[in-house]
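*Asks:* First, the structure itself, so that you have it in front of you.
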Amino acid sequence: MDSDILQAFQEELTCLICVNYFIDPVTMGCGHSFCLPCLCVSWEKAESPAHCPLCRKPPQQTKLKTNILLKNLVSIARKASLRQFLSSEEHMCALHKETKQIFCEDDRSLLCLLCSSSQEHEAHRHCSTEEAAEESRSYVYRHEHITRSAYHGLCDVLHEEGKQHLKSLEKEGSEMFQQLKKRQTEMVEKKISLRAMYEELMDMCHKTDAKLLQELGDKLTRSEQVQLHMPQPLQPQLPARPITGLVDRLNRLRVEISFTNEITNHNIRLLDDVRSLSFRSDSHYASQDPGTCNYYAAWGAQVFTSGKHYWELHVDDSGDWAVGVCEESCLRKNGTLIGSQDTFLLLCLKEDNRYTLWTTAPMTRQFVEKPLGRVGVCLDADSGNLSFVDVAKHSLIWAYPHGVFDFPVRPFIYTGHS
């Protein structure tokens, strides 16, 4: 066959996505053909609806069948290419100057007919090179098909899981809204009662001494009763929602972190700064006496500037702690995190018998359950984002949006004990 014709024939059997011979070729309604795996990956990566990668026309259907004619032609072309490859002088048997037409399954090597009959190989399992190539390709394709099916199955599971999570969140949000409305009504009623009692007590101040002495006992009793059972602010806590395969996927990015220990009670204030914040009804923060704590802070020896990395840290089951990443110089210089945009931490504070979670940059209360055991930290330095994972419950605690930082960061852990 003329080389130009052969080349043109090969080009017609080439997928324009992977630029190789078709694997499980499918033909779209527009007439263009692609490997089915290539087409599926192309559609999954595209943000827009499915379309032909070449002419951009939408397909009439997305469940495409194998083009048997193209598949057979590809098989013929592959065999022709293999024969051409083996018949070249550089790939002939160096000893017998013959084409290597036999594949030794034991040694996984190509042999000529004479070598396959030699004492070294005569007891081994043999087959033709073409047969071996076809069988190996079929084996790889079967595994690719199994992997793709498992991938799509997992996508379906995650999609359904996401729908269930959203449905649960809507239900919990509705219930929480009703609780807030009920609590608001209770607070309004209590406010009216307190206001009325305040006005009665003010009137008492203007009464005669005799009247004051006669009515004071009753007024004080009623005042004490009104102040009983004051409505308390709601402390909502969203349950952990397991995500299928989350930790398994993150473990592929696993790195071991070594920390440089540093203990200080003077230069760094993290947990005390958060504890000192009390939110008042007028939306202002007021400082309270945090008491005295002993702090342990440690920076990671590694500095991350690129790539995706995941590590896990064991957090104290009873004490306060903070984990995440930061610019080392930020904490060393400022000694505080309030208002800092260079520390990205998940903090846990124990107040009485209750735990609260916070994240920094900006300081935000997280209404989720306190993780027990280990917290996972996933850093994407390329995208500039960070997320925290409850390892035991396979759930996401919090994820920063992309682009929140664009500077090198170090892992960080911090604990404080009263």
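Within each chain, counting starts at residue 1; across the structure tokens, chains are named A, B, ... in the order shown, with ligands numbered 1 upward in that order.
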Env of Trp358 (chain A): 7 Å cut, atoms = only C-alpha atoms, seq-sep filter 6 positions within chain, self excluded. Answer as a list in words.

*Replies:*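 In the requested form, the answer reads Leu346, Leu347, Cys348, Thr364, Arg365 and Gln366 of chain A.
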
*Asks:* Taking N, CA, C and O atoms for each residue, export the selection above as a PDB file, in the first residue's frame.

*Replies:*
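What ended up in out21.pdb:
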```
ATOM      1  N   LEU A 346      -8.646  26.325  62.249  1.00  0.00           N
ATOM      2  CA  LEU A 346      -9.866  25.827  62.875  1.00  0.00           C
ATOM      3  C   LEU A 346      -9.570  25.764  64.363  1.00  0.00           C
ATOM      4  O   LEU A 346      -8.600  25.132  64.782  1.00  0.00           O
ATOM      5  N   LEU A 347     -10.404  26.442  65.175  1.00  0.00           N
ATOM      6  CA  LEU A 347     -10.183  26.513  66.615  1.00  0.00           C
ATOM      7  C   LEU A 347     -11.331  25.857  67.358  1.00  0.00           C
ATOM      8  O   LEU A 347     -12.493  25.982  66.952  1.00  0.00           O
ATOM      9  N   CYS A 348     -10.993  25.186  68.454  1.00  0.00           N
ATOM     10  CA  CYS A 348     -12.000  24.596  69.336  1.00  0.00           C
ATOM     11  C   CYS A 348     -11.793  25.160  70.732  1.00  0.00           C
ATOM     12  O   CYS A 348     -10.679  25.110  71.266  1.00  0.00           O
ATOM     13  N   THR A 364     -15.063  33.444  62.448  1.00  0.00           N
ATOM     14  CA  THR A 364     -16.431  33.006  62.165  1.00  0.00           C
ATOM     15  C   THR A 364     -16.768  31.807  63.036  1.00  0.00           C
ATOM     16  O   THR A 364     -15.997  30.852  63.117  1.00  0.00           O
ATOM     17  N   ARG A 365     -17.920  31.856  63.674  1.00  0.00           N
ATOM     18  CA  ARG A 365     -18.396  30.721  64.471  1.00  0.00           C
ATOM     19  C   ARG A 365     -18.924  29.641  63.523  1.00  0.00           C
ATOM     20  O   ARG A 365     -19.653  29.934  62.571  1.00  0.00           O
ATOM     21  N   GLN A 366     -18.531  28.387  63.779  1.00  0.00           N
ATOM     22  CA  GLN A 366     -18.988  27.257  62.971  1.00  0.00           C
ATOM     23  C   GLN A 366     -19.926  26.399  63.818  1.00  0.00           C
ATOM     24  O   GLN A 366     -19.524  25.864  64.852  1.00  0.00           O
TER      25      GLN A 366
END
```

*Asks:* Might you pull out every residue within 12 Å of Val74 (chain A), with only C-alpha atoms counted and same-chain residues fewer than 2 positions away left off, and present them as a list in words?

*Replies:*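 Listing them by chain and then by number gives Phe9, Gln10, Glu11, Glu12, Leu13, Thr14, Cys15, Asn20, Tyr21, Phe22, Ile23, Asp24, Pro25, Cys35, Asn67, Ile68, Leu69, Leu70, Lys71, Asn72, Ile76, Ala77, Arg78, Lys79, Ala80, Ser81 and Glu134 of chain A.
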
*Asks:* Which residues are close to Ala196 (chain A), i.e. within 12 Å by only C-alpha atoms, leaving aside same-chain residues fewer than 4 positions away? Reply as a count of residues only.

*Replies:* 12

*Asks:* Extract, using only C-alpha atoms, all DNA, RNA and protein residues at most 8 Å from region 231-243 of chain A, discarding same-chain residues fewer than 6 positions from it, and format them as a list in words.

*Replies:* Leu158, Glu161, His165, Met176, Leu180, Arg183, Glu186, Met187, Lys190, Phe367, Val368, Glu369, Lys393, His394, Ser395, Leu396 and Ile397 of chain A

*Asks:* Which distance in Å separates CA of Ile102 (chain A) and CA of Gln119 (chain A), to one decimal?

*Replies:*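 Straight-line distance from CA of Ile102 (chain A) to CA of Gln119 (chain A) works out to 15.3 Å.
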
*Asks:* Assign secondary structure with DSSP using the backbone only, and return the residues of region 19-216 of chain A in helix (DSSP H, G or I) as an NGL selection string.

*Replies:* :A and (36-45 or 68-87 or 89-91 or 113-116 or 129-204 or 209-216)

*Asks:* Would you list, as a count of residues only, the residues of region 45-252 of chain A that end up in strand (DSSP E) under DSSP run on this structure's backbone?

*Replies:* 9

*Asks:* Using only C-alpha atoms, which of A:Phe103, A:Ala301, A:Leu110, A:Ser258 sits nearest His91 (chain A)?

*Replies:*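 Closest to His91 (chain A) of all the choices is A:Leu110.
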
*Asks:* I need the residue nearest Val325 (chain A) from this list: A:Trp299, A:Trp398, A:Phe344, A:Trp43. Use only C-alpha atoms for the distance.

*Replies:* A:Phe344

*Asks:* Which residue, A:Pro53, A:Ser138, A:Thr62, A:Lys370, has the smallest gap to His32 (chain A) when you use only C-alpha atoms?

*Replies:* A:Pro53

*Asks:* Measuring atom to atom with only C-alpha atoms, identify which of A:Ile5, A:Cys326, A:Ala133, A:Leu95 is nearest to Ser109 (chain A).

*Replies:* A:Ala133
